[in-house]
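Okay, my_file32.txt now, which holds compact mmCIF, C-alpha atoms and all ligand atoms:
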```
# COMPACT_ATOMS: atom_id res chain seq x y z
CA MET M 558 -0.31 -5.22 14.16
CA ILE M 559 0.67 -7.67 11.41
CA VAL M 560 0.03 -11.31 12.29
CA GLY M 561 1.63 -14.26 10.47
CA PHE M 562 -0.12 -17.60 10.05
CA GLY M 563 1.91 -20.49 8.62
CA ALA M 564 4.17 -23.42 9.40
CA LEU M 565 6.79 -23.09 12.15
CA ASN M 566 9.98 -25.09 11.74
CA LEU M 567 13.27 -25.47 13.44
CA ASP M 568 15.94 -26.11 10.81
CA LYS M 569 18.69 -28.38 12.11
CA ILE M 570 21.70 -28.18 9.88
CA TYR M 571 24.03 -31.16 10.34
CA LYS M 572 27.48 -30.92 8.76
CA VAL M 573 28.32 -34.58 8.04
CA ASP M 574 31.32 -36.49 6.74
CA LYS M 575 29.05 -38.06 4.15
CA ILE M 576 25.37 -38.35 3.35
CA PRO M 577 24.68 -42.01 4.03
CA GLY M 578 22.78 -44.15 1.57
CA ARG M 579 20.58 -47.07 2.55
CA ASP M 580 22.27 -49.36 5.15
CA GLU M 581 25.22 -46.96 5.42
CA GLU M 582 26.52 -44.90 8.31
CA GLY M 583 27.77 -41.34 8.43
CA PHE M 584 29.01 -39.06 11.19
CA VAL M 585 27.90 -35.62 12.35
CA LYS M 586 30.66 -33.00 12.55
CA SER M 587 28.57 -30.07 13.77
CA LEU M 588 25.00 -28.97 14.34
CA GLU M 589 23.44 -25.53 13.87
CA MET M 590 19.81 -24.70 14.61
CA HIS M 591 17.83 -21.95 12.93
CA PRO M 592 14.17 -21.08 13.48
CA GLY M 593 12.36 -20.97 10.15
CA GLY M 594 9.05 -21.13 8.31
CA SER M 595 8.14 -18.72 5.55
CA ALA M 596 5.55 -16.59 7.39
CA ALA M 597 7.75 -16.61 10.50
CA ASN M 598 10.71 -15.26 8.52
CA THR M 599 8.55 -12.45 7.11
CA ILE M 600 7.13 -11.60 10.55
CA VAL M 601 10.62 -11.42 12.06
CA GLY M 602 11.64 -9.16 9.14
CA LEU M 603 8.74 -6.83 9.98
CA ALA M 604 9.50 -6.92 13.71
CA ARG M 605 13.09 -5.83 13.00
CA LEU M 606 11.68 -2.89 11.04
CA GLY M 607 9.76 -1.80 14.14
CA ILE M 608 6.31 -3.11 13.16
CA LYS M 609 4.09 -4.60 15.91
CA THR M 610 3.75 -8.29 15.04
CA GLY M 611 2.21 -11.53 16.23
CA PHE M 612 1.99 -15.12 15.07
CA ILE M 613 -0.60 -17.90 14.77
CA GLY M 614 1.10 -21.30 14.78
CA LYS M 615 1.52 -24.53 16.68
CA ILE M 616 4.45 -26.05 18.53
CA GLY M 617 4.92 -29.34 20.37
CA GLY M 618 5.91 -29.80 23.99
CA ASP M 619 9.54 -30.41 23.11
CA GLU M 620 12.85 -28.55 23.21
CA GLU M 621 12.36 -27.49 19.57
CA GLY M 622 9.06 -25.83 20.53
CA ARG M 623 10.73 -23.94 23.37
CA ILE M 624 13.42 -22.69 21.01
CA LEU M 625 10.84 -21.51 18.46
CA LEU M 626 8.85 -19.71 21.15
CA SER M 627 11.78 -18.00 22.84
CA ASN M 628 13.13 -16.92 19.46
CA PHE M 629 9.88 -15.06 18.72
CA GLU M 630 10.06 -13.46 22.17
CA GLU M 631 13.62 -12.31 21.53
CA GLU M 632 12.51 -10.74 18.24
CA GLY M 633 9.61 -8.97 19.97
CA VAL M 634 6.84 -10.97 18.24
CA ASP M 635 3.60 -11.43 20.23
CA THR M 636 3.19 -15.15 20.99
CA SER M 637 -0.30 -15.15 22.54
CA ALA M 638 -1.69 -17.02 19.50
CA ILE M 639 0.99 -19.72 19.49
CA ILE M 640 -0.73 -23.01 20.34
CA LYS M 641 1.21 -25.39 22.57
CA SER M 642 0.28 -29.03 22.14
CA GLU M 643 1.49 -32.57 22.69
CA GLY M 644 3.65 -34.08 20.00
CA ARG M 645 6.61 -32.91 17.98
CA SER M 646 7.31 -29.42 16.71
CA GLY M 647 8.02 -29.01 13.01
CA THR M 648 11.64 -29.61 12.09
CA ALA M 649 13.75 -29.90 8.98
CA MET M 650 16.85 -32.06 9.28
CA ILE M 651 19.33 -30.79 6.72
CA PHE M 652 22.45 -32.86 6.09
CA VAL M 653 25.29 -31.10 4.32
CA ASP M 654 28.52 -32.82 3.26
CA ASP M 655 31.94 -31.28 2.56
CA GLU M 656 31.09 -30.72 -1.10
CA GLY M 657 27.94 -28.85 -0.15
CA HIS M 658 25.51 -31.57 -1.26
CA ARG M 659 22.36 -31.77 0.80
CA ALA M 660 19.77 -34.28 1.92
CA ILE M 661 16.70 -32.94 3.73
CA LEU M 662 14.10 -34.68 5.89
CA VAL M 663 11.09 -32.58 6.84
CA ASP M 664 8.98 -33.46 9.88
CA PRO M 665 5.79 -31.35 9.82
CA GLY M 666 5.09 -32.45 13.42
CA VAL M 667 2.00 -30.67 14.77
CA ASN M 668 2.02 -27.91 12.14
CA ASP M 669 -0.78 -29.33 10.01
CA THR M 670 -3.21 -29.87 12.90
CA ILE M 671 -4.40 -26.33 13.75
CA ARG M 672 -8.17 -26.36 14.23
CA PHE M 673 -10.00 -23.04 13.84
CA GLU M 674 -11.47 -23.44 17.37
CA GLU M 675 -7.95 -23.53 18.83
CA ILE M 676 -6.99 -20.13 17.46
CA ASN M 677 -6.88 -17.24 19.93
CA LEU M 678 -9.24 -14.89 18.10
CA GLU M 679 -8.60 -12.09 20.58
CA ALA M 680 -5.01 -11.95 19.37
CA VAL M 681 -6.21 -12.14 15.77
CA GLU M 682 -8.61 -9.24 16.24
CA LYS M 683 -5.72 -6.89 16.94
CA ALA M 684 -4.36 -7.51 13.45
CA ARG M 685 -4.79 -5.02 10.63
CA LEU M 686 -3.10 -7.47 8.28
CA ILE M 687 -2.81 -11.27 8.43
CA HIS M 688 -0.02 -12.82 6.35
CA LEU M 689 -0.67 -16.39 5.19
CA THR M 690 1.88 -18.89 3.88
CA SER M 691 1.72 -22.61 3.24
CA PHE M 692 1.46 -25.61 5.51
CA ILE M 693 2.92 -28.86 4.24
CA CYS M 694 -0.43 -30.71 4.55
CA LYS M 695 1.21 -34.13 5.06
CA ASN M 696 -0.35 -34.79 8.47
CA GLY M 697 -3.76 -33.33 7.57
CA ILE M 698 -5.43 -30.29 6.05
CA GLU M 699 -6.82 -28.77 9.24
CA SER M 700 -4.40 -25.84 9.24
CA PHE M 701 -5.15 -25.08 5.57
CA GLU M 702 -8.89 -25.22 6.29
CA SER M 703 -8.39 -22.87 9.27
CA GLN M 704 -6.59 -20.41 7.00
CA LYS M 705 -9.56 -20.43 4.60
CA LYS M 706 -11.91 -19.74 7.50
CA ILE M 707 -9.74 -16.91 8.83
CA ALA M 708 -9.57 -15.40 5.32
CA LYS M 709 -13.35 -15.52 5.01
CA THR M 710 -14.24 -14.18 8.43
CA THR M 711 -11.59 -11.68 9.54
CA LYS M 712 -11.99 -7.94 9.13
CA ALA M 713 -8.22 -7.62 8.83
CA GLU M 714 -6.70 -7.47 5.36
CA ILE M 715 -5.04 -10.65 4.10
CA SER M 716 -1.70 -11.04 2.34
CA PHE M 717 -0.98 -14.43 0.80
CA ASP M 718 2.28 -16.03 -0.35
CA PRO M 719 1.20 -19.49 -1.54
CA GLY M 720 4.62 -21.04 -2.30
CA MET M 721 4.82 -24.10 -4.57
CA ILE M 722 3.11 -26.38 -2.02
CA TYR M 723 -0.18 -24.48 -2.23
CA ILE M 724 0.14 -23.68 -5.95
CA GLU M 725 0.09 -27.43 -6.59
CA LYS M 726 -3.37 -27.61 -4.99
CA GLY M 727 -4.69 -25.64 -7.97
CA LEU M 728 -6.77 -22.49 -8.31
CA LYS M 729 -10.09 -24.01 -7.14
CA GLU M 730 -8.61 -24.88 -3.74
CA LEU M 731 -7.02 -21.44 -3.30
CA GLU M 732 -9.90 -19.37 -4.64
CA ILE M 733 -11.48 -18.56 -1.25
CA ILE M 734 -8.20 -17.22 0.08
CA ILE M 735 -7.37 -15.26 -3.08
CA ASN M 736 -10.89 -13.75 -3.26
CA ASN M 737 -10.45 -12.48 0.28
CA SER M 738 -6.86 -11.29 -0.08
CA ALA M 739 -5.73 -7.69 -0.43
CA ILE M 740 -2.22 -8.71 -1.49
CA PHE M 741 -1.05 -11.75 -3.46
CA LEU M 742 2.70 -12.50 -3.32
CA PRO M 743 3.77 -15.46 -5.51
CA ASN M 744 6.95 -15.78 -7.54
CA ARG M 745 6.76 -15.73 -11.33
CA ASN M 746 6.93 -19.49 -11.79
CA GLU M 747 4.18 -20.08 -9.20
CA MET M 748 1.96 -17.41 -10.77
CA GLU M 749 2.31 -18.80 -14.28
CA SER M 750 1.71 -22.42 -13.29
CA LEU M 751 -1.32 -21.50 -11.16
CA MET M 752 -3.04 -19.49 -13.90
CA ASN M 753 -1.59 -21.07 -17.02
CA LEU M 754 -1.01 -17.55 -18.33
CA ASP M 755 1.87 -15.14 -18.78
CA PHE M 756 2.50 -13.43 -15.40
CA ARG M 757 1.03 -10.08 -16.51
CA ASP M 758 -2.22 -11.63 -17.70
CA ALA M 759 -2.27 -13.84 -14.63
CA ALA M 760 -1.98 -10.76 -12.39
CA ARG M 761 -4.87 -9.09 -14.22
CA GLU M 762 -6.97 -12.21 -13.63
CA ILE M 763 -6.13 -12.27 -9.90
CA ILE M 764 -7.09 -8.57 -9.61
CA SER M 765 -10.42 -9.32 -11.28
CA MET M 766 -11.03 -11.99 -8.60
CA GLY M 767 -11.07 -9.19 -6.03
CA CYS M 768 -7.46 -8.99 -4.88
CA LYS M 769 -6.20 -5.36 -4.59
CA VAL M 770 -2.50 -5.73 -5.22
CA VAL M 771 -0.30 -8.37 -6.86
CA ALA M 772 3.48 -8.44 -6.34
CA ILE M 773 5.37 -11.09 -8.30
CA LYS M 774 8.94 -11.98 -7.29
CA MET M 775 11.30 -12.50 -10.22
CA GLY M 776 14.59 -13.48 -8.61
CA GLU M 777 17.60 -11.48 -9.85
CA LYS M 778 15.26 -9.54 -12.18
CA GLY M 779 13.47 -7.95 -9.21
CA CYS M 780 9.68 -7.84 -9.15
CA TYR M 781 6.49 -6.92 -10.97
CA VAL M 782 3.75 -5.08 -9.08
CA THR M 783 0.27 -4.02 -10.12
CA ASP M 784 -3.02 -2.89 -8.60
CA GLY M 785 -4.90 -3.13 -11.87
CA LYS M 786 -4.48 0.59 -12.55
CA GLU M 787 -0.71 0.94 -12.54
CA GLU M 788 1.94 -1.67 -13.20
CA HIS M 789 5.70 -1.54 -12.63
CA GLU M 790 8.60 -3.85 -13.35
CA ILE M 791 11.16 -2.95 -10.72
CA GLN M 792 14.81 -3.95 -11.11
CA ALA M 793 16.54 -5.79 -8.29
CA PHE M 794 19.29 -4.04 -6.33
CA PRO M 795 22.63 -5.30 -7.63
CA SER M 796 24.09 -7.41 -4.86
CA LYS M 797 26.41 -10.33 -4.34
CA ALA M 798 24.10 -13.27 -3.60
CA VAL M 799 25.73 -15.43 -0.93
CA ASP M 800 22.62 -17.40 0.12
CA THR M 801 19.16 -16.81 -1.37
CA THR M 802 17.33 -18.86 1.29
CA GLY M 803 14.41 -16.75 2.48
CA ALA M 804 14.77 -14.15 -0.30
CA GLY M 805 11.03 -14.30 -1.01
CA ASP M 806 10.17 -14.00 2.69
CA ALA M 807 12.45 -10.97 3.05
CA PHE M 808 10.85 -9.39 -0.03
CA ASN M 809 7.42 -9.87 1.58
CA ALA M 810 8.59 -8.12 4.76
CA GLY M 811 9.75 -5.08 2.79
CA PHE M 812 6.66 -4.97 0.58
CA LEU M 813 4.25 -5.30 3.53
CA TYR M 814 6.13 -2.65 5.53
CA GLY M 815 5.63 -0.23 2.65
CA TYR M 816 2.00 -1.24 2.28
CA VAL M 817 1.01 -0.63 5.91
CA LYS M 818 2.96 2.65 5.98
CA GLY M 819 0.98 3.84 2.95
CA PHE M 820 3.89 3.95 0.46
CA ARG M 821 3.12 4.21 -3.24
CA LEU M 822 2.90 0.81 -4.94
CA LYS M 823 6.20 1.27 -6.73
CA ASP M 824 8.02 2.09 -3.48
CA CYS M 825 6.54 -1.01 -1.80
CA GLY M 826 8.10 -3.12 -4.57
CA LYS M 827 11.40 -1.26 -4.32
CA LEU M 828 11.58 -1.77 -0.58
CA GLY M 829 10.77 -5.46 -1.04
CA ASN M 830 13.68 -5.73 -3.49
CA TRP M 831 15.96 -3.85 -1.11
CA ILE M 832 15.22 -5.92 2.00
CA ALA M 833 15.66 -9.10 -0.09
CA SER M 834 18.97 -7.83 -1.50
CA LYS M 835 20.22 -7.19 2.05
CA ASN M 836 19.10 -10.62 3.17
CA ILE M 837 20.80 -12.62 0.39
CA GLN M 838 24.19 -11.11 1.24
CA LYS M 839 24.30 -13.16 4.47
CA VAL M 840 24.08 -16.91 5.09
CA GLY M 841 20.72 -17.93 6.61
CA ALA M 842 17.09 -16.99 6.04
CA ARG M 843 17.09 -14.18 8.62
CA THR M 844 20.69 -13.15 9.28
CA GLY M 845 20.70 -10.24 6.83
CA LEU M 846 17.25 -8.87 7.68
CA PRO M 847 17.92 -5.20 8.49
CA GLN M 848 16.85 -3.14 11.51
CA GLU M 849 14.63 -0.08 11.24
CA GLU M 850 17.60 2.37 11.47
CA GLU M 851 19.13 0.86 8.34
CA LEU M 852 16.14 2.03 6.26
CA ARG M 853 17.96 5.36 6.08
CA GLU M 854 20.31 3.67 3.63
CA PHE M 855 17.33 2.74 1.43
CA TRP M 856 16.02 6.30 1.29
CA GLU M 857 19.50 7.63 0.53
CA LEU M 858 19.84 5.19 -2.39
CA ARG M 859 16.82 6.61 -4.16
N1 LIG H 1 20.56 -12.45 -7.44
C1 LIG H 1 19.77 -11.52 -6.90
N2 LIG H 1 20.17 -10.21 -6.86
C2 LIG H 1 19.41 -9.26 -6.30
N3 LIG H 1 18.20 -9.50 -5.77
C3 LIG H 1 17.73 -10.75 -5.78
C4 LIG H 1 18.48 -11.84 -6.34
N4 LIG H 1 17.77 -12.99 -6.19
C5 LIG H 1 16.62 -12.62 -5.56
N5 LIG H 1 16.59 -11.29 -5.32
C6 LIG H 1 15.51 -10.53 -4.65
O1 LIG H 1 14.76 -11.42 -3.84
C7 LIG H 1 13.39 -11.36 -4.23
C8 LIG H 1 12.75 -12.70 -4.02
O2 LIG H 1 13.48 -13.70 -4.68
P1 LIG H 1 12.77 -14.82 -5.58
O3 LIG H 1 12.17 -14.19 -6.76
O4 LIG H 1 13.77 -15.88 -5.79
O5 LIG H 1 11.57 -15.27 -4.62
P2 LIG H 1 11.05 -16.72 -4.26
O6 LIG H 1 11.22 -17.62 -5.43
O7 LIG H 1 9.68 -16.58 -3.69
O8 LIG H 1 12.08 -17.08 -3.11
P3 LIG H 1 11.94 -18.18 -1.97
O9 LIG H 1 12.70 -19.35 -2.52
O10 LIG H 1 12.65 -17.52 -0.84
O11 LIG H 1 10.50 -18.43 -1.73
C9 LIG H 1 13.38 -10.88 -5.65
O12 LIG H 1 12.14 -10.27 -5.96
C10 LIG H 1 14.56 -9.89 -5.64
O13 LIG H 1 14.14 -8.66 -5.12
MG MG H 2 8.62 -17.89 -2.37
```
Can I see the file as structure tokens?
Ligand SMILES: Nc1ncnc2c1ncn2[C@@H]1O[C@H](COP(=O)(O)OP(=O)(O)OP(=O)(O)O)[C@@H](O)[C@H]1O
Ligand SMILES: [Mg+2]
Amino acid sequence: MIVGFGALNLDKIYKVDKIPGRDEEGFVKSLEMHPGGSAANTIVGLARLGIKTGFIGKIGGDEEGRILLSNFEEEGVDTSAIIKSEGRSGTAMIFVDDEGHRAILVDPGVNDTIRFEEINLEAVEKARLIHLTSFICKNGIESFESQKKIAKTTKAEISFDPGMIYIEKGLKELEIIINNSAIFLPNRNEMESLMNLDFRDAAREIISMGCKVVAIKMGEKGCYVTDGKEEHEIQAFPSKAVDTTGAGDAFNAGFLYGYVKGFRLKDCGKLGNWIASKNIQKVGARTGLPQEEELREFWELR
């Protein structure tokens, strides 16, 4: 089983007649809701590929929490480590006007408040891999501290996509997680700002800290993967990008699928690129995530 551990959000996309400024009024034309969160997107990607999955996260006792929970159930993700608490679930209110301009308000809600003692360790013990992504850390650092403790104590392997929020904490703060990770999954910009080095040298440094594999996402250029012995720059699949939201999360799903199935490093990177290329052809962070049967197409392409 692969278990995700990161923020859970319900994205509420409001189409509005205008984005109001201070003391102004605007009107909502429509509302769409999409479950999100980086680790959650990756876990749903893996579930669609037929991998047994679970999730460690926290929701509030509100309608948003019920939507997040039932969405995982629909996708076949084990929810026995989802903590239900008082308070608000994480949401992002996204206002989009007719010209496509956006204004976003993020409410971390209860996301940042996960204490280690609250985590259902029985569910965690079933994991062979635990995938960590960032918490916003606006309402506290308890969830981040719990991730460090999980990374230190679990016998499962760890994969870690820090995102810009964690990169900004600096290397010292992330060291314990990186030291205990098997797989590090930043994008190029994050990698270079964390290490203050060119991405190849930065990857070498991360490997010397004890990480087994580094996969760096490079947008339309594809990815760079290394385990310290081999290194590959793998071109992206040419595709018409309609919406790149969740491209990195989709890449992670493909890469981790390959990793747990024992693919060669290069094929893990290729599959990451392929799942991401599928995902960016559809609007939404999860809409284009393929089902297991569609992997046939990937094998035929190669
Ligand atoms: N224009 C594109 N054409 C083809 N593939 C793409 C394109 N943009 C992104 N990808 C694929 O998506 C992967 C992840 O994208 P990116 O490098 O932007 O990650 P990221 O910055 O972590 O994304 P996110 O904003 O989702 O966190 C890339 O490694 C590549 O495989
Ligand atoms: Mg990313």
Using all atoms listed in the file, which protein or nucleic acid residues are at most 9 Å from ligand MG 2 (chain H), as number ranges by chain?
-> M: 595, 718-721, 742-744, 747, 774, 803-806
Selection: 12 Å around Ser750 of chain M, all atoms listed in the file, excl. self and same-chain fewer than 3 positions, as a PyMOL selection string | chain M and resi 720-721+723-728+743-747+753-756+759
Would you mind exporting the chosen residues as a compact mmCIF listing (two decimals), in the coordinates of the input, restricted to C-alpha atoms?
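Once written, part.txt looks like this:
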```
# COMPACT_ATOMS: atom_id res chain seq x y z
CA GLY M 720 4.62 -21.04 -2.30
CA MET M 721 4.82 -24.10 -4.57
CA TYR M 723 -0.18 -24.48 -2.23
CA ILE M 724 0.14 -23.68 -5.95
CA GLU M 725 0.09 -27.43 -6.59
CA LYS M 726 -3.37 -27.61 -4.99
CA GLY M 727 -4.69 -25.64 -7.97
CA LEU M 728 -6.77 -22.49 -8.31
CA PRO M 743 3.77 -15.46 -5.51
CA ASN M 744 6.95 -15.78 -7.54
CA ARG M 745 6.76 -15.73 -11.33
CA ASN M 746 6.93 -19.49 -11.79
CA GLU M 747 4.18 -20.08 -9.20
CA ASN M 753 -1.59 -21.07 -17.02
CA LEU M 754 -1.01 -17.55 -18.33
CA ASP M 755 1.87 -15.14 -18.78
CA PHE M 756 2.50 -13.43 -15.40
CA ALA M 759 -2.27 -13.84 -14.63
```
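Picture a line from atom CA of Asn737 of chain M to atom CA of Ala638 of chain M; it runs 21.6 Å.
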At a cut-off of 8 Å around ligand LIG 1 (chain H), and using all atoms listed in the file, what residues come up? Please write them as a CSV table (one decimal) with C-alpha atoms, keeping the file's coordinate frame.
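Okay, this is what ended up in part13.csv:
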```csv
chain,number,residue,atom,x,y,z
M,595,SER,CA,8.1,-18.7,5.6
M,720,GLY,CA,4.6,-21.0,-2.3
M,743,PRO,CA,3.8,-15.5,-5.5
M,744,ASN,CA,7.0,-15.8,-7.5
M,745,ARG,CA,6.8,-15.7,-11.3
M,746,ASN,CA,6.9,-19.5,-11.8
M,773,ILE,CA,5.4,-11.1,-8.3
M,774,LYS,CA,8.9,-12.0,-7.3
M,775,MET,CA,11.3,-12.5,-10.2
M,776,GLY,CA,14.6,-13.5,-8.6
M,777,GLU,CA,17.6,-11.5,-9.8
M,778,LYS,CA,15.3,-9.5,-12.2
M,779,GLY,CA,13.5,-8.0,-9.2
M,780,CYS,CA,9.7,-7.8,-9.2
M,792,GLN,CA,14.8,-4.0,-11.1
M,793,ALA,CA,16.5,-5.8,-8.3
M,794,PHE,CA,19.3,-4.0,-6.3
M,795,PRO,CA,22.6,-5.3,-7.6
M,796,SER,CA,24.1,-7.4,-4.9
M,797,LYS,CA,26.4,-10.3,-4.3
M,798,ALA,CA,24.1,-13.3,-3.6
M,801,THR,CA,19.2,-16.8,-1.4
M,802,THR,CA,17.3,-18.9,1.3
M,803,GLY,CA,14.4,-16.8,2.5
M,804,ALA,CA,14.8,-14.2,-0.3
M,805,GLY,CA,11.0,-14.3,-1.0
M,806,ASP,CA,10.2,-14.0,2.7
M,807,ALA,CA,12.4,-11.0,3.0
M,808,PHE,CA,10.8,-9.4,0.0
M,827,LYS,CA,11.4,-1.3,-4.3
M,829,GLY,CA,10.8,-5.5,-1.0
M,830,ASN,CA,13.7,-5.7,-3.5
M,831,TRP,CA,16.0,-3.8,-1.1
M,832,ILE,CA,15.2,-5.9,2.0
M,833,ALA,CA,15.7,-9.1,-0.1
M,834,SER,CA,19.0,-7.8,-1.5
M,837,ILE,CA,20.8,-12.6,0.4
```
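Restricting the calculation to only C-alpha atoms, the smallest distance between Glu849 of chain M and any of M:Ala708, M:Arg579, M:Thr670, M:Leu606 is found for M:Leu606.
Closest approach to Lys712 of chain M among M:Ala649, M:Val667, M:Leu686, M:Ile613: M:Leu686, based on all atoms listed in the file.
One distance worth recording is that between atom CA of Glu787 of chain M and atom CA of His688 of chain M, which is 23.4 Å.
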Residue nearest Ser646 of chain M among M:Glu788, M:Asp669, M:Asp619, M:Asp758 (counting all atoms listed in the file) = M:Asp619
Pick from M:Gln838, M:Asn628, M:Ser703, M:Ser716, whichever lies nearest to Met590 of chain M using only C-alpha atoms | M:Asn628
Closest of M:Ile616, M:Met748, M:Met650, M:Ala810 to Glu762 of chain M, counting all atoms listed in the file, is M:Met748
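Interatomic distance, atom CA of Lys786 of chain M to atom CA of Arg757 of chain M: 12.6 Å.
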Selection: 8 Å around Phe584 of chain M, all atoms listed in the file, excl. self and same-chain fewer than 5 positions, as a PDB file with C-alpha atoms, keeping the file's coordinate frame:
```pdb
ATOM      1  CA  VAL M 573      28.320 -34.580   8.040  1.00  0.00           C
ATOM      2  CA  ASP M 574      31.320 -36.490   6.740  1.00  0.00           C
ATOM      3  CA  LYS M 575      29.050 -38.060   4.150  1.00  0.00           C
TER       4      LYS M 575
END
```
Best match for closeness to Ala739 of chain M among M:Gly561, M:Gly785, M:Gly767, M:Gly611, counting all atoms listed in the file | M:Gly767
Determine, using all atoms listed in the file, which residues of segment 683-715 of chain M have any atom at most 12 Å from an atom of segment 674-678 of chain M, and tabulate each with its shortest atom pair and distance in Å to one decimal place, rows ordered by chain and then rising number, as CSV.
```
residue,atom,partner,partner_atom,distance
M:Lys683,CA,M:Leu678,CA,8.8
M:Ala684,CA,M:Leu678,CA,10.0
M:Glu699,CA,M:Glu674,CA,10.8
M:Ser700,CA,M:Ile676,CA,10.3
M:Glu702,CA,M:Glu674,CA,11.5
M:Ser703,CA,M:Glu674,CA,8.7
M:Gln704,CA,M:Ile676,CA,10.5
M:Lys706,CA,M:Glu674,CA,10.5
M:Ile707,CA,M:Leu678,CA,9.5
M:Thr710,CA,M:Leu678,CA,10.9
M:Thr711,CA,M:Leu678,CA,9.4
M:Lys712,CA,M:Leu678,CA,11.7
M:Ala713,CA,M:Leu678,CA,11.8
```
Only C-alpha atoms, please: the residues just picked out, written as a CSV table (one decimal), in the frame of the given file.
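Result written to out17.csv:
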```
chain,number,residue,atom,x,y,z
M,683,LYS,CA,-5.7,-6.9,16.9
M,684,ALA,CA,-4.4,-7.5,13.4
M,699,GLU,CA,-6.8,-28.8,9.2
M,700,SER,CA,-4.4,-25.8,9.2
M,702,GLU,CA,-8.9,-25.2,6.3
M,703,SER,CA,-8.4,-22.9,9.3
M,704,GLN,CA,-6.6,-20.4,7.0
M,706,LYS,CA,-11.9,-19.7,7.5
M,707,ILE,CA,-9.7,-16.9,8.8
M,710,THR,CA,-14.2,-14.2,8.4
M,711,THR,CA,-11.6,-11.7,9.5
M,712,LYS,CA,-12.0,-7.9,9.1
M,713,ALA,CA,-8.2,-7.6,8.8
```
Please tell me which residues are no farther than 12 Å from (15.5, 2.8, 1.7) in the file, counting all atoms listed in the file, and write them as a short mmCIF file (atom, residue, chain, number, x, y, z; two decimals) with C-alpha atoms, keeping the file's coordinate frame.
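Resulting contents of out.cif:
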```
data_model
loop_
_atom_site.label_atom_id
_atom_site.label_comp_id
_atom_site.auth_asym_id
_atom_site.auth_seq_id
_atom_site.Cartn_x
_atom_site.Cartn_y
_atom_site.Cartn_z
CA LEU M 606 11.68 -2.89 11.04
CA PHE M 794 19.29 -4.04 -6.33
CA GLY M 811 9.75 -5.08 2.79
CA PHE M 812 6.66 -4.97 0.58
CA TYR M 814 6.13 -2.65 5.53
CA GLY M 815 5.63 -0.23 2.65
CA PHE M 820 3.89 3.95 0.46
CA ASP M 824 8.02 2.09 -3.48
CA CYS M 825 6.54 -1.01 -1.80
CA GLY M 826 8.10 -3.12 -4.57
CA LYS M 827 11.40 -1.26 -4.32
CA LEU M 828 11.58 -1.77 -0.58
CA GLY M 829 10.77 -5.46 -1.04
CA ASN M 830 13.68 -5.73 -3.49
CA TRP M 831 15.96 -3.85 -1.11
CA ILE M 832 15.22 -5.92 2.00
CA SER M 834 18.97 -7.83 -1.50
CA LYS M 835 20.22 -7.19 2.05
CA PRO M 847 17.92 -5.20 8.49
CA GLN M 848 16.85 -3.14 11.51
CA GLU M 849 14.63 -0.08 11.24
CA GLU M 850 17.60 2.37 11.47
CA GLU M 851 19.13 0.86 8.34
CA LEU M 852 16.14 2.03 6.26
CA ARG M 853 17.96 5.36 6.08
CA GLU M 854 20.31 3.67 3.63
CA PHE M 855 17.33 2.74 1.43
CA TRP M 856 16.02 6.30 1.29
CA GLU M 857 19.50 7.63 0.53
CA LEU M 858 19.84 5.19 -2.39
CA ARG M 859 16.82 6.61 -4.16
#
```
Once 5 Å is added on each side, what are the centre and the three edge lengths, in Å to one decimal, of the axis-aligned box enclosing the listed atoms of segment 764-768 of chain M? Present them as AutoDock Vina command-line options.
```
--center_x -9.1 --center_y -10.3 --center_z -8.1 --size_x 14.0 --size_y 13.4 --size_z 16.4
```
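Residues in contact with Ile763 of chain M at up to 9 Å, not including ones fewer than 6 positions away on its chain and judged by all atoms listed in the file, are Ile735, Asn736, Phe741, Met752, Lys769, Val770 and Val771 of chain M.
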